[in-house]
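Notes to accompany the following structure.
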Amino acid sequence: MVIKVFLASSSGSTAIKKKQQDVLGFLEALKVDYAPLDIACNEDNRMWMRENVPVEKKPTNGIPLPPQIFNEESYCGDYETFFDAKEDNAVFAFLGLPPPPGSKEAKEAEKAFILENGPVENGTVEIETVESETVESGTDDAEDEENLEAEEVEEENLDDDSLPPVKQEEAQEEVEDEEAKGEDDQPVSEEEEELRQLEEEEDE
């Protein structure tokens, strides 16, 4: 986007010259790129400016005077509207340009946005991020549930079996061996009972 400033280089009016210098000087101070277009030496520039200034913005005689400011084909305004925008710290809005970060105008625009729409937390940006997070988390719900179940199983195993894995296996094998002996060899279990009875009698 190019800011076009229509000027009259050979104007005999000191007021017009001063206005033109004010506009150009302020644009340079803001580091705004602009293209000065002379209407005194270029008939095409003069005709284009006169045709593209809106009717309601033209003076009573119908001939707009420089400086006139455009953003490409879009009319921004004349010196008076530019001056008002400068007083309101709204030159970038006047020019149709985004204000640079950290500038007064950017801060003013942020304040105005908050006044109109509330804090940023409730703004559209946060809502979009929340929605995107819910969509993303929705796809991972099944995985999360599986992970939780696996963790619960591991916790149960840790609670039930405090022995290391190797000792757990040995303990299970011993239990299985004792059960097998109890099932296959009845005499062994009877002998164990007799031994118990003898121990009890000795204790008495």
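Going through the structure tokens in order, the chains are called A, B, and so on, while each chain numbers its residues from 1 and the ligands are numbered from 1 in the order shown.
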
* **Near-Thr81 (chain A) list (12 Å; only C-alpha atoms; drop same-chain fewer than 4 positions) as number ranges by chain** => A: 19, 23, 57, 67-69, 75-77, 85-88, 90-91, 93-95

Could those residues be written to a file, using N, CA and C atoms, as an mmCIF file, in the first residue's frame?
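File produced: out29.cif:
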data_model
loop_
_atom_site.group_PDB
_atom_site.id
_atom_site.type_symbol
_atom_site.label_atom_id
_atom_site.label_comp_id
_atom_site.auth_asym_id
_atom_site.auth_seq_id
_atom_site.Cartn_x
_atom_site.Cartn_y
_atom_site.Cartn_z
ATOM 1 N N LYS A 19 1.184 23.832 4.770
ATOM 2 C CA LYS A 19 0.396 22.611 5.012
ATOM 3 C C LYS A 19 1.076 21.398 4.395
ATOM 4 N N VAL A 23 2.504 18.051 6.458
ATOM 5 C CA VAL A 23 2.094 16.665 6.168
ATOM 6 C C VAL A 23 3.315 15.801 5.874
ATOM 7 N N LYS A 57 -16.366 15.990 -0.002
ATOM 8 C CA LYS A 57 -15.131 16.538 0.578
ATOM 9 C C LYS A 57 -14.589 17.725 -0.237
ATOM 10 N N PRO A 67 -2.641 20.019 0.189
ATOM 11 C CA PRO A 67 -2.353 18.589 -0.024
ATOM 12 C C PRO A 67 -3.609 17.714 0.122
ATOM 13 N N GLN A 68 -3.691 16.704 -0.725
ATOM 14 C CA GLN A 68 -4.747 15.696 -0.643
ATOM 15 C C GLN A 68 -4.055 14.338 -0.491
ATOM 16 N N ILE A 69 -4.573 13.512 0.398
ATOM 17 C CA ILE A 69 -3.865 12.271 0.773
ATOM 18 C C ILE A 69 -4.726 11.060 0.417
ATOM 19 N N TYR A 75 -9.428 7.355 -0.743
ATOM 20 C CA TYR A 75 -9.234 8.726 -0.257
ATOM 21 C C TYR A 75 -9.117 8.727 1.261
ATOM 22 N N CYS A 76 -8.075 9.378 1.779
ATOM 23 C CA CYS A 76 -7.884 9.490 3.232
ATOM 24 C C CYS A 76 -8.422 10.823 3.736
ATOM 25 N N GLY A 77 -7.977 11.934 3.114
ATOM 26 C CA GLY A 77 -8.459 13.238 3.545
ATOM 27 C C GLY A 77 -7.538 14.354 3.109
ATOM 28 N N ALA A 85 -6.530 14.060 12.835
ATOM 29 C CA ALA A 85 -6.043 12.708 13.151
ATOM 30 C C ALA A 85 -4.738 12.774 13.931
ATOM 31 N N LYS A 86 -3.884 13.729 13.576
ATOM 32 C CA LYS A 86 -2.605 13.901 14.281
ATOM 33 C C LYS A 86 -2.849 14.293 15.737
ATOM 34 N N GLU A 87 -3.802 15.186 15.966
ATOM 35 C CA GLU A 87 -4.132 15.611 17.325
ATOM 36 C C GLU A 87 -4.690 14.457 18.156
ATOM 37 N N ASP A 88 -5.406 13.531 17.499
ATOM 38 C CA ASP A 88 -6.037 12.400 18.198
ATOM 39 C C ASP A 88 -5.139 11.163 18.266
ATOM 40 N N ALA A 90 -4.147 9.389 15.789
ATOM 41 C CA ALA A 90 -4.826 8.396 14.946
ATOM 42 C C ALA A 90 -4.418 8.535 13.490
ATOM 43 N N VAL A 91 -3.152 8.923 13.243
ATOM 44 C CA VAL A 91 -2.699 9.138 11.872
ATOM 45 C C VAL A 91 -2.687 7.835 11.078
ATOM 46 N N ALA A 93 -4.561 5.176 11.528
ATOM 47 C CA ALA A 93 -5.948 4.836 11.198
ATOM 48 C C ALA A 93 -6.442 5.723 10.070
ATOM 49 N N PHE A 94 -6.100 7.007 10.105
ATOM 50 C CA PHE A 94 -6.469 7.949 9.045
ATOM 51 C C PHE A 94 -5.904 7.483 7.698
ATOM 52 N N LEU A 95 -4.673 6.998 7.710
ATOM 53 C CA LEU A 95 -4.016 6.548 6.481
ATOM 54 C C LEU A 95 -4.432 5.141 6.070
#

* Measuring atom to atom with only C-alpha atoms, identify which of A:Pro54, A:Pro66, A:Pro101, A:Gly118 is nearest to Gln20 (chain A). =>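 Nearest candidate to Gln20 (chain A) out of A:Pro54, A:Pro66, A:Pro101, A:Gly118: A:Pro66.
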
* Nearest to Asp78 (chain A) among A:Pro36, A:Pro100, A:Pro59, A:Gly12, with distances taken over only C-alpha atoms: which residue is it? ->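 For Asp78 (chain A), the nearest of the given residues is A:Pro59.
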
Need the shell around Ala35 (chain A): protein/DNA/RNA residues with any atom at most 9 Å away, counting only C-alpha atoms. Skip same-chain ones fewer than 3 positions apart. Format as an mmCIF file with N, CA, C and O atoms, in the first residue's frame?
data_model
loop_
_atom_site.group_PDB
_atom_site.id
_atom_site.type_symbol
_atom_site.label_atom_id
_atom_site.label_comp_id
_atom_site.auth_asym_id
_atom_site.auth_seq_id
_atom_site.Cartn_x
_atom_site.Cartn_y
_atom_site.Cartn_z
ATOM 1 N N VAL A 2 0.620 2.120 -0.974
ATOM 2 C CA VAL A 2 1.406 3.336 -1.099
ATOM 3 C C VAL A 2 0.535 4.531 -0.738
ATOM 4 O O VAL A 2 -0.585 4.671 -1.223
ATOM 5 N N ILE A 3 1.075 5.368 0.143
ATOM 6 C CA ILE A 3 0.394 6.610 0.504
ATOM 7 C C ILE A 3 0.764 7.654 -0.548
ATOM 8 O O ILE A 3 1.946 7.933 -0.777
ATOM 9 N N LYS A 4 -0.249 8.210 -1.189
ATOM 10 C CA LYS A 4 -0.033 9.229 -2.215
ATOM 11 C C LYS A 4 -0.396 10.589 -1.635
ATOM 12 O O LYS A 4 -1.489 10.765 -1.096
ATOM 13 N N VAL A 5 0.531 11.520 -1.749
ATOM 14 C CA VAL A 5 0.284 12.888 -1.285
ATOM 15 C C VAL A 5 0.367 13.808 -2.501
ATOM 16 O O VAL A 5 1.427 13.947 -3.122
ATOM 17 N N PHE A 6 -0.767 14.394 -2.858
ATOM 18 C CA PHE A 6 -0.821 15.290 -4.007
ATOM 19 C C PHE A 6 -0.447 16.701 -3.548
ATOM 20 O O PHE A 6 -1.066 17.271 -2.641
#

* Give me, please, the distance in Å between CA of Asn71 (chain A) and CA of Met1 (chain A), quoted to one decimal. => 6.6 Å

* To do: Identify, with DSSP run on backbone atoms, the residues in region 28-64 of chain A assigned to strand (DSSP E), and express the list as a PyMOL selection string.
  => chain A and resi 34-38

* To do: Assign secondary structure with DSSP using the backbone only, and return the residues of region 6-139 of chain A in alpha helix (DSSP H) as an MDAnalysis selection string.
  => chainID A and resid 14:29 43:52 79:87 91:95 104:117 124:139
